[in-house]
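A short worksheet on the structure shown next.
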Amino acid sequence: TDLQPLTSYDVVAFSGENFTEVRTVTTDDAPALINGALEDWSFADKNYYPYAEGAAPYWATGNPGATTLGESFNLTTPTSDIRPGSTGERAARLQSMYPNMAGIGKFAAGNLFMGRFAGVSGTNGVVHFGRPSTVRPYALHGWVKYDQGMVDKLNKVPVDAPDLKIGDPDQGSIYIAVGDWSAEEYGGDADSPVAIDTRDESTFFNSSNAGIIAYGEVVYNESVDWQQFEIEINWRTFDREPTHIIIVATGSSYGDYFVGSTQSIMWLDDFELIYDYK
């Protein structure tokens with residue numbers, strides 16, 4: 001604990017009177033998340049984007065897919081409903097919806113993720129998860145508020161929730177993964193290597209993904225007012241070098257299956273990576 005980033009330290013291990021030779025080690029960098037405070041937003045071509053106008057995209061949403069049916073279907077938008085004690089002016093509001101035209105459409109979960117929206121095919125979407133990163137954080141800290149709705153859209157029963165039915169509670173989730181995914185293996189691109197195609201369940205991301213080196217998640221099974229969260233990240237090995245980081249938040253965690261509640265809303269504010277072990 002209490003080590004400084006990018007700093008060299010002399011280290012020994014000892015037991016009683018026995019000491020190892022001195023080793024010099026240098027700590028990794030500990031960068032802050034780009035737009036982790038979720039203050040920067042822009043609007044173009046019917047869509048809200050979670051980055052400033054002219055800035056390089058870092059976070060993304062499913063808005064470009066949903067708004068093909070109209071500007072009113074922006075799933076994720078900036079809001080002035082910020083967390084208590086914030087020095088900022090904006091947070092993110094994730095609203096699950098049923099974008100449709102003349103009654104024809106599909107359920108879409110409110111979402112925020114690291115990566116980019118890659119495109120649509122009919123009423124299906126393709127997203128690429130991940131941003132380049134070699135960091136080894138201990139935890140993800142932030143603020144969340146969640147209004148839980150009851151499932152009113154059930155396109156297909158999720159594999160890991162075979163008993164889910166209309167009228168059951170929806171659930172929200174936030175997860176973080178650090179890994180060594182490659183675009184060649186996972187179908188994305190160099191910056192965002194993990195492709196998720198809602199037409200193909202085999203591409204859906206989960207905690208058993210082979211590219212994961214470290215993972216942490218929190219699931220919300222009930223409504224909560226603004227509260228802090230801290231997701232401890234479980235490192236599965238230290239023998240592999242991280243290449244990318246993924247953070248995903250959604251008000252309807254089975255949104256990949258087009259399942260959830262149009263009444264579920266999640267608010268997010270002030271994401272922060274914690275590097276100091278406790």
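Residue numbering restarts at 1 in every chain; chains get A, B, ... in the order shown in the structure tokens, and ligands count up from 1 in that same order.
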
Using only C-alpha atoms, find each residue of region 177-223 of chain A with at least one atom at most 9 Å away from an atom of region 136-158 of chain A; report its shortest atom-to-atom pair and that distance in Å (one decimal), sort the rows by chain and rising residue number, and return the result as JSON lines.
```
{"residue": "A:Val178", "atom": "CA", "partner": "A:Arg136", "partner_atom": "CA", "distance": 7.7}
{"residue": "A:Ala214", "atom": "CA", "partner": "A:Arg136", "partner_atom": "CA", "distance": 8.5}
{"residue": "A:Gly216", "atom": "CA", "partner": "A:Ala139", "partner_atom": "CA", "distance": 8.0}
{"residue": "A:Tyr220", "atom": "CA", "partner": "A:Tyr146", "partner_atom": "CA", "distance": 7.7}
{"residue": "A:Asn221", "atom": "CA", "partner": "A:Gln148", "partner_atom": "CA", "distance": 7.5}
{"residue": "A:Glu222", "atom": "CA", "partner": "A:Gln148", "partner_atom": "CA", "distance": 5.8}
{"residue": "A:Ser223", "atom": "CA", "partner": "A:Asp147", "partner_atom": "CA", "distance": 4.7}
```

Excluding region 98-107 of chain A and any residue of its chain fewer than 6 positions from it, enumerate the residues within 8 Å of it, using only C-alpha atoms, and give them as a ChimeraX atom specification. /A:66-67,69-70,73,123,153,155,255,258-260,262

Could you write out, as JSON, numbers by chain, all the residues of region 54-169 of chain A that DSSP marks as strand (DSSP E)? {"A": [59, 60, 76, 77, 78, 79, 91, 92, 93, 94, 95, 100, 101, 104, 105, 111, 112, 113, 114, 115, 116, 117, 118, 119, 120, 121, 124, 125, 126, 127, 128, 129, 131, 132, 139, 140, 141, 142, 143, 144, 145, 146, 147, 153, 154]}

Nearby residues (only C-alpha atoms) at most 10 Å from Ala32 (chain A), same-chain spacing under 3 positions excluded, as a PyMOL selection string: chain A and resi 29+35-37+271-274

Tell me which protein, DNA and RNA residues are within 12 Å of region 58-61 of chain A, counting only C-alpha atoms, leaving out same-chain ones fewer than 6 positions away, and put them as a PyMOL selection string. chain A and resi 33-42+47-52+67+74-78+92-96+108-119+125-133+191-192+245-250+271

Store the residues picked out above in a file with C-alpha atoms, as a CSV table (one decimal), in the first residue's frame.
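Final output, saved to out29.csv:
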```csv
chain,number,residue,atom,x,y,z
A,33,LEU,CA,-10.1,7.2,-16.4
A,34,ILE,CA,-10.8,9.4,-19.4
A,35,ASN,CA,-14.0,11.3,-18.7
A,36,GLY,CA,-14.5,9.1,-15.7
A,37,ALA,CA,-16.6,11.9,-14.1
A,38,LEU,CA,-19.0,11.7,-17.1
A,39,GLU,CA,-19.0,15.5,-17.5
A,40,ASP,CA,-18.2,15.6,-21.2
A,41,TRP,CA,-21.0,15.0,-23.7
A,42,SER,CA,-21.8,16.0,-27.3
A,47,ASN,CA,-27.3,11.0,-30.9
A,48,TYR,CA,-25.8,11.9,-27.5
A,49,TYR,CA,-22.2,10.8,-27.1
A,50,PRO,CA,-20.3,10.5,-23.8
A,51,TYR,CA,-17.3,12.6,-24.9
A,52,ALA,CA,-16.8,16.3,-25.8
A,67,THR,CA,-31.9,6.3,-32.8
A,74,ASN,CA,-31.5,8.0,-27.1
A,75,LEU,CA,-31.0,5.4,-24.4
A,76,THR,CA,-28.1,7.1,-22.6
A,77,THR,CA,-28.1,10.8,-22.0
A,78,PRO,CA,-26.4,13.4,-19.8
A,92,ALA,CA,-25.1,9.6,-17.1
A,93,ARG,CA,-28.7,8.4,-17.3
A,94,LEU,CA,-29.3,5.0,-18.8
A,95,GLN,CA,-32.9,4.3,-19.8
A,96,SER,CA,-34.0,1.0,-21.2
A,108,ALA,CA,-32.8,-2.0,-26.0
A,109,ALA,CA,-31.1,-1.7,-22.7
A,110,GLY,CA,-29.7,1.6,-21.4
A,111,ASN,CA,-26.0,1.2,-21.5
A,112,LEU,CA,-22.6,2.7,-21.2
A,113,PHE,CA,-19.3,1.0,-22.2
A,114,MET,CA,-15.7,1.4,-23.1
A,115,GLY,CA,-15.4,1.0,-26.8
A,116,ARG,CA,-17.4,1.9,-29.8
A,117,PHE,CA,-20.7,1.2,-31.5
A,118,ALA,CA,-19.8,-0.7,-34.7
A,119,GLY,CA,-23.0,-0.7,-36.6
A,125,GLY,CA,-26.5,-4.2,-33.2
A,126,VAL,CA,-22.7,-4.8,-33.2
A,127,VAL,CA,-20.5,-3.2,-30.5
A,128,HIS,CA,-16.8,-3.4,-29.9
A,129,PHE,CA,-15.7,-3.5,-26.2
A,130,GLY,CA,-12.4,-2.3,-24.8
A,131,ARG,CA,-9.8,0.4,-24.8
A,132,PRO,CA,-6.0,0.0,-24.7
A,133,SER,CA,-4.6,-0.3,-21.2
A,191,ASP,CA,-8.4,-0.3,-29.9
A,192,SER,CA,-11.6,-2.2,-29.1
A,245,ILE,CA,-9.7,-2.7,-20.2
A,246,ILE,CA,-13.4,-3.0,-20.4
A,247,ILE,CA,-16.1,-1.4,-18.3
A,248,VAL,CA,-19.8,-2.0,-19.0
A,249,ALA,CA,-22.9,-0.7,-17.2
A,250,THR,CA,-26.5,-1.3,-18.0
A,271,PHE,CA,-16.0,6.5,-12.1
```

So how far away is CA of Gly172 (chain A) from CA of Ser252 (chain A), in Å? 5.0 Å
